[in-house]
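Colleague: I'd like to ask you about the structure that follows.
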Amino acid sequence: MMRTTTATPQSTLHAGGEHSSSFIELTTVLVLGGGVIFAGVMLLLAISLSKQRLVNTKLWLIGGGIAFPAVVLCTLLFYSEWLRPAWRPSLPANALVVTVKAHMWWWDVSYQDTQSRLHFVTANEIRLPLGRPVYFALTSEDVIHSFWVPALGGKMDMVPGRIQHLLITPVRQGQWRGQCAEFCGTQHALMALDVIVSAPAEYEAWAKAQAQPAVEAELPHPGRYAFMSNHCNFCHNVRGMPDADEVHGKPRLGPDLTHIASRHTLAAGALPNTMQNMHHWITNTQEVKPDARMPSGAERIPQQELEDIAKWLSMLK
């Protein structure tokens with residue numbers, strides 16, 4: 001079973017990826033360099049105010065306004081290019097492929113492991129093995145989004161109709177917070193995700209469990225019947241149910257819920273994953289996340305059935 005971890009604050013100052021230290025180094029250089037330049041300008045201002053003498057205007061314009069900025073900016077350009085991760089035209093042999101498709105306002109996550117041959121779908125949370133290269137294939141279903149987990153790697157836009165790629169290698173175990181970094185609508189601020197990095201053996205155990213259907217989906221339960229009778233399965237897939245994968249030949253419109261109880265949060269980071277919050281989320285969806293495509297259950301589903309659905313979903317581990 002995965003250990004419960006506490007998410008590290010969303011910051012580039014907490015390096016958890018192979019190239020994250022480069023971002024910290026570049027940030028430090030920019031901040032310190034900017035501070036030195038600002039101090040120098042203030043010193044020149046003080047000197048100019050204290051001495052009543054003419055200065056060579058042309059010399060200061062050429063030196064301070066053209067030559068100095070050109071040298072500094074060119075130096076920063078070459079320095080940042082030297083720190084930038086090298087472009088990889090092909091994947092490392094042992095890379096884990098994770099496809100992330102952004103929606104308004106949630107994340108569809110698909111794993112393709114060439115080593116274990118496992119393929120499965122989850123949502124709104126990513127788990128990775130320590131020390132293994134991970135190839136993120138990034139795209140969008142609707143508008144432009146941006147995938148950004150500051151502690152692990154750089155930021156990459158997610159554009160409809162295109163697949164962008166991002167290659168990272170986690171070097172520290174932990175739980176790292178990510179966020180959509182491109183304004184994508186009214187609930188952009190509530191489009192987060194956690195990335196959990198664990199030891200390879202722990203990740204493999206989790207992946208094997210995720211690739212299996214939900215055992216609880218095959219067992220009789222009032223919440224299962226309420227889920228089906230209210231057509232929640234038209235938008236959400238739960239592997240193990242009779243109509244898993246597709247409904248009437250159409251892909252699902254909402255997140256995969258097969259093992260939703262194993263995730264740390266609900267609604268793309270909006271709420272901690274507890275049964276009480278599960279009930280609140282499906283009952284008052286538009287209150288928690290206005291303009292989300294899922295209607296509030298209170299508008300159409302009896303309260304007892306909502307409670308049953310919440311209890312059943314909280315069993316899907």
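Each chain in the structure tokens gets a letter, A, B and so on, in the order shown; residues start at 1 in every chain, and ligands are counted from 1 in the order they appear.
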Sort by chain and increasing residue number a table of all residues of region 145-204 of chain A within 12 Å of region 18-21 of chain A, each with its closest pair of atoms and their distance in Å to one decimal, counting only C-alpha atoms, and write it as a Markdown table.

Modeller:
```
| residue | atom | partner | partner_atom | distance |
| --- | --- | --- | --- | --- |
| A:Val149 | CA | A:Ser20 | CA | 10.2 |
| A:Pro150 | CA | A:Ser20 | CA | 7.9 |
| A:Ala151 | CA | A:Ser20 | CA | 6.2 |
| A:Leu152 | CA | A:Ser20 | CA | 5.8 |
| A:Gly153 | CA | A:Ser20 | CA | 5.6 |
| A:Gly154 | CA | A:Ser20 | CA | 8.0 |
| A:Lys155 | CA | A:Ser20 | CA | 11.5 |
| A:Leu166 | CA | A:His19 | CA | 11.8 |
| A:Leu167 | CA | A:His19 | CA | 9.9 |
| A:Ile168 | CA | A:Glu18 | CA | 6.8 |
| A:Thr169 | CA | A:Glu18 | CA | 5.3 |
| A:Pro170 | CA | A:Glu18 | CA | 6.1 |
| A:Val171 | CA | A:Glu18 | CA | 5.9 |
| A:Arg172 | CA | A:Glu18 | CA | 9.0 |
```

Colleague: Could you tell me how far CA of Ala192 (chain A) sits from CA of Gly269 (chain A), in Å to one decimal place?

Modeller: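 We find that CA of Gly269 (chain A) and CA of Ala192 (chain A) lie 5.1 Å from each other.
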
Colleague: Hey, what does DSSP flag as helix (DSSP H, G or I) within region 11-89 of chain A? Can you give it to me as a PyMOL selection string?

Modeller: chain A and resi 20-50+57-83

Colleague: I'd like the neighbourhood of Pro295 (chain A) as a list in words, where a residue qualifies if any of its atoms comes within 12 Å (using only C-alpha atoms), though same-chain residues fewer than 3 positions away should be ignored.

Modeller: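 Using only C-alpha atoms, the neighbours found are Cys232, Cys235, Gly254, Trp281, Ile282, Thr283, Asn284, Thr285, Gln286, Glu287, Val288, Lys289, Pro290, Asp291, Ala292, Ala298, Glu299, Arg300 and Ile301 of chain A.
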
Colleague: Can you list, as a PyMOL selection string, every protein, DNA or RNA residue that comes within 12 Å of region 174-176 of chain A when you count only C-alpha atoms, leaving out same-chain residues fewer than 2 positions away?

Modeller: chain A and resi 2-17+125-130+148-153+170-172+178-179+192-199+264

Colleague: Now that the selection is made, can you save its residues with N, CA and C atoms as a compact mmCIF listing (two decimals), in the first residue's frame?

Modeller:
```
# COMPACT_ATOMS: atom_id res chain seq x y z
N MET A 2 0.48 2.27 -0.75
CA MET A 2 1.26 3.50 -0.82
C MET A 2 1.21 4.22 0.53
N ARG A 3 2.35 4.77 0.93
CA ARG A 3 2.40 5.56 2.16
C ARG A 3 1.73 6.90 1.93
N THR A 4 1.08 7.39 2.95
CA THR A 4 0.49 8.72 2.88
C THR A 4 1.58 9.76 3.09
N THR A 5 1.69 10.69 2.17
CA THR A 5 2.73 11.71 2.24
C THR A 5 2.10 13.09 2.23
N THR A 6 2.86 14.05 2.67
CA THR A 6 2.39 15.43 2.69
C THR A 6 2.97 16.17 1.49
N ALA A 7 2.10 16.86 0.76
CA ALA A 7 2.55 17.55 -0.44
C ALA A 7 3.54 18.66 -0.09
N THR A 8 4.63 18.72 -0.87
CA THR A 8 5.60 19.78 -0.72
C THR A 8 5.02 21.06 -1.34
N PRO A 9 5.24 22.23 -0.74
CA PRO A 9 4.72 23.46 -1.34
C PRO A 9 5.13 23.60 -2.80
N GLN A 10 4.23 24.17 -3.60
CA GLN A 10 4.50 24.33 -5.03
C GLN A 10 5.56 25.40 -5.22
N SER A 11 6.79 24.97 -5.43
CA SER A 11 7.89 25.91 -5.51
C SER A 11 9.04 25.31 -6.31
N THR A 12 9.69 26.14 -7.10
CA THR A 12 10.88 25.69 -7.84
C THR A 12 12.08 25.56 -6.91
N LEU A 13 11.95 25.98 -5.66
CA LEU A 13 13.07 25.91 -4.71
C LEU A 13 13.16 24.55 -4.03
N HIS A 14 12.19 23.66 -4.30
CA HIS A 14 12.23 22.30 -3.75
C HIS A 14 12.53 21.35 -4.90
N ALA A 15 13.80 21.08 -5.13
CA ALA A 15 14.21 20.28 -6.28
C ALA A 15 13.91 18.80 -6.06
N GLY A 16 13.14 18.23 -6.96
CA GLY A 16 12.84 16.81 -6.89
C GLY A 16 13.11 16.08 -8.19
N GLY A 17 13.50 16.83 -9.24
CA GLY A 17 13.78 16.24 -10.55
C GLY A 17 15.23 16.43 -10.94
N GLU A 125 -4.17 12.75 -10.70
CA GLU A 125 -3.06 12.43 -9.82
C GLU A 125 -2.08 11.57 -10.61
N ILE A 126 -0.78 11.81 -10.40
CA ILE A 126 0.25 11.08 -11.13
C ILE A 126 1.20 10.45 -10.12
N ARG A 127 1.55 9.19 -10.35
CA ARG A 127 2.54 8.51 -9.50
C ARG A 127 3.67 8.02 -10.39
N LEU A 128 4.90 8.21 -9.90
CA LEU A 128 6.09 7.91 -10.69
C LEU A 128 7.10 7.13 -9.88
N PRO A 129 7.92 6.31 -10.54
CA PRO A 129 8.98 5.58 -9.84
C PRO A 129 10.24 6.43 -9.72
N LEU A 130 10.90 6.34 -8.60
CA LEU A 130 12.12 7.10 -8.35
C LEU A 130 13.22 6.68 -9.32
N TRP A 148 2.58 22.03 -15.29
CA TRP A 148 3.72 22.56 -14.54
C TRP A 148 3.76 21.95 -13.14
N VAL A 149 4.82 21.18 -12.91
CA VAL A 149 5.13 20.68 -11.57
C VAL A 149 6.50 21.27 -11.23
N PRO A 150 6.54 22.44 -10.58
CA PRO A 150 7.78 23.21 -10.44
C PRO A 150 8.96 22.42 -9.87
N ALA A 151 8.70 21.53 -8.92
CA ALA A 151 9.80 20.83 -8.27
C ALA A 151 10.44 19.76 -9.15
N LEU A 152 9.74 19.33 -10.20
CA LEU A 152 10.23 18.22 -11.00
C LEU A 152 10.78 18.62 -12.35
N GLY A 153 10.29 19.68 -12.93
CA GLY A 153 10.76 20.05 -14.26
C GLY A 153 10.15 21.33 -14.75
N PRO A 170 12.60 11.82 -11.85
CA PRO A 170 12.51 12.13 -10.41
C PRO A 170 13.73 11.60 -9.66
N VAL A 171 14.29 12.41 -8.78
CA VAL A 171 15.48 12.00 -8.02
C VAL A 171 15.24 12.01 -6.52
N ARG A 172 14.04 12.39 -6.10
CA ARG A 172 13.69 12.38 -4.68
C ARG A 172 12.28 11.87 -4.50
N GLY A 178 1.41 20.12 -8.53
CA GLY A 178 1.44 20.73 -9.86
C GLY A 178 0.21 21.58 -10.08
N GLN A 179 0.21 22.34 -11.17
CA GLN A 179 -0.87 23.29 -11.41
C GLN A 179 -0.95 23.59 -12.90
N ALA A 192 -5.51 21.63 -10.20
CA ALA A 192 -4.21 21.22 -9.66
C ALA A 192 -4.08 19.70 -9.75
N LEU A 193 -2.91 19.21 -9.42
CA LEU A 193 -2.71 17.76 -9.33
C LEU A 193 -1.50 17.50 -8.46
N ASP A 194 -1.49 16.31 -7.85
CA ASP A 194 -0.33 15.87 -7.07
C ASP A 194 0.46 14.86 -7.87
N VAL A 195 1.78 14.97 -7.79
CA VAL A 195 2.67 13.98 -8.38
C VAL A 195 3.41 13.30 -7.23
N ILE A 196 3.23 12.00 -7.09
CA ILE A 196 3.79 11.25 -5.98
C ILE A 196 4.92 10.36 -6.51
N VAL A 197 6.12 10.57 -6.01
CA VAL A 197 7.29 9.80 -6.42
C VAL A 197 7.62 8.80 -5.31
N SER A 198 7.69 7.53 -5.66
CA SER A 198 7.95 6.48 -4.67
C SER A 198 9.04 5.54 -5.17
N ALA A 199 9.49 4.66 -4.30
CA ALA A 199 10.49 3.66 -4.66
C ALA A 199 9.94 2.78 -5.79
N HIS A 264 -5.50 11.15 -3.44
CA HIS A 264 -5.43 12.03 -2.28
C HIS A 264 -6.48 13.14 -2.30
```

Colleague: Could you please determine the separation between CA of Ile37 (chain A) and CA of Gly64 (chain A) in Å, to one decimal place?

Modeller: 11.1 Å

Colleague: Pick the closest to Trp206 (chain A) from A:His280, A:His103, A:Arg84, A:His259: which is it, counting only C-alpha atoms?

Modeller: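 The shortest atom-to-atom distance to Trp206 (chain A) comes from A:His259.
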
Colleague: Excluding region 91-96 of chain A and residues on its chain fewer than 3 positions from it, collect all residues at most 8 Å away from it, counting only C-alpha atoms, and give them as a PyMOL selection string.

Modeller: chain A and resi 88+111-115+132-135
